[in-house]
file structure.cif (mmCIF, C-alpha atoms)
data_start
loop_
_atom_site.group_PDB
_atom_site.id
_atom_site.type_symbol
_atom_site.label_atom_id
_atom_site.label_comp_id
_atom_site.auth_asym_id
_atom_site.auth_seq_id
_atom_site.Cartn_x
_atom_site.Cartn_y
_atom_site.Cartn_z
ATOM 1 C CA MET V 1 5.656 -3.776 -23.891
ATOM 2 C CA ALA V 2 4.428 -1.248 -21.351
ATOM 3 C CA THR V 3 3.767 2.397 -22.089
ATOM 4 C CA VAL V 4 6.244 4.579 -20.198
ATOM 5 C CA GLU V 5 5.860 8.317 -19.660
ATOM 6 C CA ILE V 6 8.372 10.556 -17.923
ATOM 7 C CA TYR V 7 7.962 14.206 -16.957
ATOM 8 C CA THR V 8 11.294 16.031 -16.959
ATOM 9 C CA THR V 9 13.181 19.307 -17.084
ATOM 10 C CA PRO V 10 16.364 19.822 -19.127
ATOM 11 C CA LEU V 11 18.751 20.499 -16.223
ATOM 12 C CA CYS V 12 17.550 17.712 -13.919
ATOM 13 C CA GLY V 13 20.286 15.155 -13.233
ATOM 14 C CA TYR V 14 17.785 12.631 -11.877
ATOM 15 C CA CYS V 15 15.769 12.980 -15.083
ATOM 16 C CA HIS V 16 18.848 12.142 -17.140
ATOM 17 C CA ALA V 17 19.621 9.179 -14.860
ATOM 18 C CA ALA V 18 16.071 7.830 -15.229
ATOM 19 C CA LYS V 19 16.242 8.133 -19.017
ATOM 20 C CA ARG V 20 19.646 6.383 -19.058
ATOM 21 C CA LEU V 21 18.255 3.505 -17.000
ATOM 22 C CA LEU V 22 15.258 3.107 -19.297
ATOM 23 C CA LYS V 23 17.443 3.332 -22.422
ATOM 24 C CA SER V 24 19.832 0.722 -20.997
ATOM 25 C CA LYS V 25 16.860 -1.635 -20.879
ATOM 26 C CA ASP V 26 15.856 -0.742 -24.476
ATOM 27 C CA VAL V 27 12.606 0.763 -23.210
ATOM 28 C CA SER V 28 10.990 3.429 -25.337
ATOM 29 C CA PHE V 29 9.249 6.236 -23.482
ATOM 30 C CA SER V 30 7.508 9.509 -24.087
ATOM 31 C CA GLU V 31 9.055 12.527 -22.424
ATOM 32 C CA THR V 32 7.244 15.706 -21.421
ATOM 33 C CA ASP V 33 9.344 18.751 -20.537
ATOM 34 C CA VAL V 34 7.459 20.698 -17.862
ATOM 35 C CA SER V 35 10.064 23.435 -17.395
ATOM 36 C CA ARG V 36 8.318 26.118 -19.432
ATOM 37 C CA ASP V 37 4.666 25.201 -19.196
ATOM 38 C CA PRO V 38 2.889 25.697 -15.860
ATOM 39 C CA ASP V 39 -0.188 23.869 -17.169
ATOM 40 C CA LEU V 40 1.844 20.755 -17.991
ATOM 41 C CA ARG V 41 3.520 20.908 -14.572
ATOM 42 C CA ALA V 42 0.086 21.197 -12.934
ATOM 43 C CA LYS V 43 -1.120 18.163 -14.905
ATOM 44 C CA MET V 44 1.986 16.232 -13.816
ATOM 45 C CA THR V 45 1.449 17.231 -10.176
ATOM 46 C CA GLN V 46 -2.172 16.117 -10.314
ATOM 47 C CA ARG V 47 -1.294 12.766 -11.924
ATOM 48 C CA ALA V 48 1.555 12.257 -9.435
ATOM 49 C CA ASN V 49 -0.702 12.649 -6.383
ATOM 50 C CA GLY V 50 0.722 16.051 -5.502
ATOM 51 C CA SER V 51 4.407 15.361 -6.204
ATOM 52 C CA ARG V 52 5.951 18.448 -7.784
ATOM 53 C CA THR V 53 9.523 17.278 -8.359
ATOM 54 C CA VAL V 54 10.901 15.778 -11.541
ATOM 55 C CA PRO V 55 11.196 13.242 -12.867
ATOM 56 C CA GLN V 56 7.762 11.744 -12.410
ATOM 57 C CA ILE V 57 7.510 8.357 -14.084
ATOM 58 C CA PHE V 58 4.420 6.430 -15.126
ATOM 59 C CA ILE V 59 4.303 2.869 -16.436
ATOM 60 C CA ASP V 60 0.958 1.950 -18.003
ATOM 61 C CA ASP V 61 -0.692 4.855 -16.144
ATOM 62 C CA THR V 62 0.674 3.585 -12.803
ATOM 63 C CA HIS V 63 2.632 6.246 -10.960
ATOM 64 C CA VAL V 64 6.077 4.805 -10.218
ATOM 65 C CA GLY V 65 7.511 7.972 -8.663
ATOM 66 C CA GLY V 66 10.894 9.522 -9.312
ATOM 67 C CA TYR V 67 14.313 8.204 -10.226
ATOM 68 C CA ASP V 68 15.017 6.750 -6.778
ATOM 69 C CA ASP V 69 11.790 4.748 -6.983
ATOM 70 C CA LEU V 70 12.628 3.536 -10.492
ATOM 71 C CA ALA V 71 16.157 2.539 -9.437
ATOM 72 C CA LYS V 72 14.794 0.660 -6.398
ATOM 73 C CA LEU V 73 12.433 -1.305 -8.631
ATOM 74 C CA GLU V 74 15.441 -2.229 -10.780
ATOM 75 C CA ARG V 75 17.578 -3.228 -7.759
ATOM 76 C CA ASP V 76 14.716 -5.324 -6.354
ATOM 77 C CA GLY V 77 14.233 -7.106 -9.688
ATOM 78 C CA LYS V 78 10.693 -5.760 -10.113
ATOM 79 C CA LEU V 79 11.150 -3.281 -12.969
ATOM 80 C CA ASP V 80 11.250 -5.854 -15.775
ATOM 81 C CA ARG V 81 7.875 -7.271 -14.695
ATOM 82 C CA LEU V 82 6.311 -3.799 -14.783
ATOM 83 C CA LEU V 83 7.766 -3.155 -18.223
ATOM 84 C CA ALA V 84 6.645 -6.484 -19.728
#
call {"tool": "encode", "arguments": {"input": "structure.cif", "output": "structure tokens"}}
result
Amino acid sequence: MATVEIYTTPLCGYCHAAKRLLKSKDVSFSETDVSRDPDLRAKMTQRANGSRTVPQIFIDDTHVGGYDDLAKLERDGKLDRLLA
């Protein structure tokens, strides 16, 4: 099973949607709340090639993007292959 990391903030609806999608697929993930730590947000931004919005999702160190990107992978039938 792939390693999944997601950077979030507590009030982000897209973050909650991304976590729901992953949970619906029985995928475990590590979550990092960047809302109160500017250093963690800077690390996320650097890893995400400059993207500052949340969520930022990584599967096996590959930057997937945000919720819309994750949902598109699911709609296109590509998410399960990344998670395998």
call {"tool": "atom_distance", "arguments": {"input": "structure.cif", "atom1": "atom CA of Ser28 of chain V", "atom2": "atom CA of Thr62 of chain V"}}
result
16.2 Å
call {"tool": "resolve_selection", "arguments": {"input": "structure.cif", "expression": "the PyMOL selection byres ((chain V and resi 57) around 6)", "output": "ChimeraX atom specification"}}
result
/V:5-6,56,58,64-66
call {"tool": "residues_around", "arguments": {"input": "structure.cif", "residues": "Ala2 of chain V", "least_positions_apart": "4", "cutoff": "6 Å", "atoms": "all atoms listed in the file", "output": "list of chain:residue names"}}
result
V:Asp60, V:Leu83, V:Ala84
call {"tool": "write_last_selection", "arguments": {"input": "structure.cif", "atoms": "C-alpha atoms", "output": "PDB file, in the coordinates of the input"}}
result
ATOM      1  CA  ASP V  60       0.958   1.950 -18.003  1.00  0.00           C
ATOM      2  CA  LEU V  83       7.766  -3.155 -18.223  1.00  0.00           C
ATOM      3  CA  ALA V  84       6.645  -6.484 -19.728  1.00  0.00           C
TER       4      ALA V  84
END
call {"tool": "residues_near_point", "arguments": {"input": "structure.cif", "point": "(7.1, 22.1, -15.7)", "cutoff": "12 Å", "atoms": "only C-alpha atoms", "output": "short mmCIF file (atom, residue, chain, number, x, y, z; two decimals) with C-alpha atoms, in the coordinates of the input"}}
result
data_model
loop_
_atom_site.label_atom_id
_atom_site.label_comp_id
_atom_site.auth_asym_id
_atom_site.auth_seq_id
_atom_site.Cartn_x
_atom_site.Cartn_y
_atom_site.Cartn_z
CA ILE V 6 8.37 10.56 -17.92
CA TYR V 7 7.96 14.21 -16.96
CA THR V 8 11.29 16.03 -16.96
CA THR V 9 13.18 19.31 -17.08
CA PRO V 10 16.36 19.82 -19.13
CA LEU V 11 18.75 20.50 -16.22
CA CYS V 12 17.55 17.71 -13.92
CA GLU V 31 9.06 12.53 -22.42
CA THR V 32 7.24 15.71 -21.42
CA ASP V 33 9.34 18.75 -20.54
CA VAL V 34 7.46 20.70 -17.86
CA SER V 35 10.06 23.44 -17.40
CA ARG V 36 8.32 26.12 -19.43
CA ASP V 37 4.67 25.20 -19.20
CA PRO V 38 2.89 25.70 -15.86
CA ASP V 39 -0.19 23.87 -17.17
CA LEU V 40 1.84 20.76 -17.99
CA ARG V 41 3.52 20.91 -14.57
CA ALA V 42 0.09 21.20 -12.93
CA LYS V 43 -1.12 18.16 -14.90
CA MET V 44 1.99 16.23 -13.82
CA THR V 45 1.45 17.23 -10.18
CA SER V 51 4.41 15.36 -6.20
CA ARG V 52 5.95 18.45 -7.78
CA THR V 53 9.52 17.28 -8.36
CA VAL V 54 10.90 15.78 -11.54
CA PRO V 55 11.20 13.24 -12.87
CA GLN V 56 7.76 11.74 -12.41
#
call {"tool": "closest_residue", "arguments": {"input": "structure.cif", "among": "V:Gly50, V:Tyr14, V:Val27, V:Arg20", "to": "Met1 of chain V", "atoms": "only C-alpha atoms"}}
result
V:Val27
call {"tool": "axis_aligned_box", "arguments": {"input": "structure.cif", "around": "segment 1-8 of chain V", "padding_each_side": "4 Å", "output": "lines of an AutoDock Vina configuration file"}}
result
center_x = 7.5
center_y = 6.1
center_z = -20.4
size_x = 15.5
size_y = 27.8
size_z = 14.9
call {"tool": "residues_around", "arguments": {"input": "structure.cif", "residues": "Ala18 of chain V", "least_positions_apart": "5", "cutoff": "8 Å", "atoms": "all atoms listed in the file", "output": "PyMOL selection string"}}
result
chain V and resi 55+67+70-71
call {"tool": "write_last_selection", "arguments": {"input": "structure.cif", "atoms": "C-alpha atoms", "output": "PDB file, in the coordinates of the input"}}
result
ATOM      1  CA  PRO V  55      11.196  13.242 -12.867  1.00  0.00           C
ATOM      2  CA  TYR V  67      14.313   8.204 -10.226  1.00  0.00           C
ATOM      3  CA  LEU V  70      12.628   3.536 -10.492  1.00  0.00           C
ATOM      4  CA  ALA V  71      16.157   2.539  -9.437  1.00  0.00           C
TER       5      ALA V  71
END
call {"tool": "atom_distance", "arguments": {"input": "structure.cif", "atom1": "atom CA of Arg81 of chain V", "atom2": "atom CA of Lys25 of chain V"}}
result
12.3 Å
call {"tool": "atom_distance", "arguments": {"input": "structure.cif", "atom1": "atom CA of Val4 of chain V", "atom2": "atom CA of Glu74 of chain V"}}
result
14.8 Å
call {"tool": "closest_residue", "arguments": {"input": "structure.cif", "among": "V:Ile59, V:Lys23, V:Cys15, V:Asp68", "to": "Leu82 of chain V", "atoms": "only C-alpha atoms"}}
result
V:Ile59
call {"tool": "decode", "arguments": {"input": "structure.cif", "residues": "segment 38-77 of chain V", "atoms": "N, CA and C atoms", "output": "mmCIF file, in the first residue's frame"}}
result
data_model
loop_
_atom_site.group_PDB
_atom_site.id
_atom_site.type_symbol
_atom_site.label_atom_id
_atom_site.label_comp_id
_atom_site.auth_asym_id
_atom_site.auth_seq_id
_atom_site.Cartn_x
_atom_site.Cartn_y
_atom_site.Cartn_z
ATOM 1 N N PRO V 38 3.955 28.338 10.604
ATOM 2 C CA PRO V 38 4.450 28.876 9.337
ATOM 3 C C PRO V 38 5.592 28.042 8.742
ATOM 4 N N ASP V 39 6.378 27.396 9.583
ATOM 5 C CA ASP V 39 7.467 26.562 9.071
ATOM 6 C C ASP V 39 6.928 25.331 8.351
ATOM 7 N N LEU V 40 5.884 24.715 8.924
ATOM 8 C CA LEU V 40 5.266 23.564 8.254
ATOM 9 C C LEU V 40 4.615 23.984 6.942
ATOM 10 N N ARG V 41 3.965 25.149 6.938
ATOM 11 C CA ARG V 41 3.342 25.634 5.697
ATOM 12 C C ARG V 41 4.418 25.905 4.646
ATOM 13 N N ALA V 42 5.551 26.459 5.061
ATOM 14 C CA ALA V 42 6.648 26.712 4.126
ATOM 15 C C ALA V 42 7.182 25.396 3.561
ATOM 16 N N LYS V 43 7.310 24.387 4.410
ATOM 17 C CA LYS V 43 7.761 23.068 3.946
ATOM 18 C C LYS V 43 6.766 22.499 2.935
ATOM 19 N N MET V 44 5.467 22.618 3.236
ATOM 20 C CA MET V 44 4.436 22.141 2.322
ATOM 21 C C MET V 44 4.547 22.861 0.983
ATOM 22 N N THR V 45 4.681 24.187 1.023
ATOM 23 C CA THR V 45 4.761 24.988 -0.194
ATOM 24 C C THR V 45 5.968 24.572 -1.036
ATOM 25 N N GLN V 46 7.077 24.329 -0.376
ATOM 26 C CA GLN V 46 8.282 23.907 -1.092
ATOM 27 C C GLN V 46 8.064 22.538 -1.729
ATOM 28 N N ARG V 47 7.519 21.600 -0.988
ATOM 29 C CA ARG V 47 7.271 20.248 -1.516
ATOM 30 C C ARG V 47 6.256 20.268 -2.645
ATOM 31 N N ALA V 48 5.299 21.215 -2.574
ATOM 32 C CA ALA V 48 4.203 21.276 -3.541
ATOM 33 C C ALA V 48 4.527 22.215 -4.707
ATOM 34 N N ASN V 49 5.801 22.433 -4.950
ATOM 35 C CA ASN V 49 6.236 23.253 -6.095
ATOM 36 C C ASN V 49 5.605 24.637 -6.096
ATOM 37 N N GLY V 50 5.516 25.235 -4.910
ATOM 38 C CA GLY V 50 5.020 26.598 -4.788
ATOM 39 C C GLY V 50 3.541 26.731 -4.472
ATOM 40 N N SER V 51 2.790 25.646 -4.507
ATOM 41 C CA SER V 51 1.360 25.715 -4.184
ATOM 42 C C SER V 51 1.184 25.994 -2.700
ATOM 43 N N ARG V 52 0.373 27.007 -2.390
ATOM 44 C CA ARG V 52 0.195 27.430 -1.004
ATOM 45 C C ARG V 52 -1.155 27.032 -0.424
ATOM 46 N N THR V 53 -2.065 26.548 -1.255
ATOM 47 C CA THR V 53 -3.402 26.216 -0.783
ATOM 48 C C THR V 53 -3.431 24.810 -0.192
ATOM 49 N N VAL V 54 -4.439 24.562 0.611
ATOM 50 C CA VAL V 54 -4.639 23.227 1.170
ATOM 51 C C VAL V 54 -5.938 22.666 0.621
ATOM 52 N N PRO V 55 -6.038 21.363 0.543
ATOM 53 C CA PRO V 55 -5.028 20.390 0.898
ATOM 54 C C PRO V 55 -3.946 20.275 -0.177
ATOM 55 N N GLN V 56 -2.810 19.775 0.234
ATOM 56 C CA GLN V 56 -1.771 19.327 -0.684
ATOM 57 C C GLN V 56 -1.552 17.864 -0.362
ATOM 58 N N ILE V 57 -1.641 17.022 -1.386
ATOM 59 C CA ILE V 57 -1.656 15.577 -1.199
ATOM 60 C C ILE V 57 -0.465 14.962 -1.907
ATOM 61 N N PHE V 58 0.189 14.050 -1.203
ATOM 62 C CA PHE V 58 1.344 13.329 -1.742
ATOM 63 C C PHE V 58 1.094 11.841 -1.604
ATOM 64 N N ILE V 59 1.362 11.102 -2.664
ATOM 65 C CA ILE V 59 1.282 9.641 -2.639
ATOM 66 C C ILE V 59 2.661 9.120 -2.987
ATOM 67 N N ASP V 60 3.278 8.414 -2.042
ATOM 68 C CA ASP V 60 4.657 7.932 -2.219
ATOM 69 C C ASP V 60 5.584 9.043 -2.696
ATOM 70 N N ASP V 61 5.537 10.180 -2.035
ATOM 71 C CA ASP V 61 6.380 11.343 -2.332
ATOM 72 C C ASP V 61 6.096 11.996 -3.679
ATOM 73 N N THR V 62 5.083 11.531 -4.401
ATOM 74 C CA THR V 62 4.657 12.182 -5.644
ATOM 75 C C THR V 62 3.567 13.187 -5.311
ATOM 76 N N HIS V 63 3.762 14.415 -5.745
ATOM 77 C CA HIS V 63 2.777 15.460 -5.483
ATOM 78 C C HIS V 63 1.571 15.247 -6.388
ATOM 79 N N VAL V 64 0.421 14.961 -5.784
ATOM 80 C CA VAL V 64 -0.819 14.753 -6.513
ATOM 81 C C VAL V 64 -1.504 16.092 -6.772
ATOM 82 N N GLY V 65 -1.438 16.990 -5.798
ATOM 83 C CA GLY V 65 -2.116 18.280 -5.891
ATOM 84 C C GLY V 65 -3.134 18.403 -4.791
ATOM 85 N N GLY V 66 -4.246 19.059 -5.103
ATOM 86 C CA GLY V 66 -5.304 19.278 -4.128
ATOM 87 C C GLY V 66 -6.446 18.300 -4.302
ATOM 88 N N TYR V 67 -7.573 18.633 -3.674
ATOM 89 C CA TYR V 67 -8.734 17.749 -3.725
ATOM 90 C C TYR V 67 -9.236 17.549 -5.146
ATOM 91 N N ASP V 68 -9.329 18.617 -5.931
ATOM 92 C CA ASP V 68 -9.821 18.481 -7.300
ATOM 93 C C ASP V 68 -8.968 17.501 -8.101
ATOM 94 N N ASP V 69 -7.667 17.551 -7.893
ATOM 95 C CA ASP V 69 -6.757 16.635 -8.591
ATOM 96 C C ASP V 69 -6.973 15.192 -8.131
ATOM 97 N N LEU V 70 -7.157 15.023 -6.820
ATOM 98 C CA LEU V 70 -7.409 13.691 -6.268
ATOM 99 C C LEU V 70 -8.725 13.135 -6.803
ATOM 100 N N ALA V 71 -9.765 13.957 -6.815
ATOM 101 C CA ALA V 71 -11.077 13.529 -7.303
ATOM 102 C C ALA V 71 -11.023 13.185 -8.788
ATOM 103 N N LYS V 72 -10.249 13.931 -9.570
ATOM 104 C CA LYS V 72 -10.113 13.633 -11.002
ATOM 105 C C LYS V 72 -9.427 12.285 -11.206
ATOM 106 N N LEU V 73 -8.396 12.020 -10.419
ATOM 107 C CA LEU V 73 -7.746 10.707 -10.501
ATOM 108 C C LEU V 73 -8.753 9.599 -10.228
ATOM 109 N N GLU V 74 -9.615 9.804 -9.243
ATOM 110 C CA GLU V 74 -10.638 8.807 -8.905
ATOM 111 C C GLU V 74 -11.630 8.652 -10.058
ATOM 112 N N ARG V 75 -12.119 9.768 -10.601
ATOM 113 C CA ARG V 75 -13.080 9.709 -11.719
ATOM 114 C C ARG V 75 -12.477 9.024 -12.948
ATOM 115 N N ASP V 76 -11.189 9.262 -13.184
ATOM 116 C CA ASP V 76 -10.512 8.690 -14.352
ATOM 117 C C ASP V 76 -10.052 7.251 -14.134
ATOM 118 N N GLY V 77 -10.306 6.719 -12.929
ATOM 119 C CA GLY V 77 -9.911 5.342 -12.634
ATOM 120 C C GLY V 77 -8.422 5.152 -12.420
#
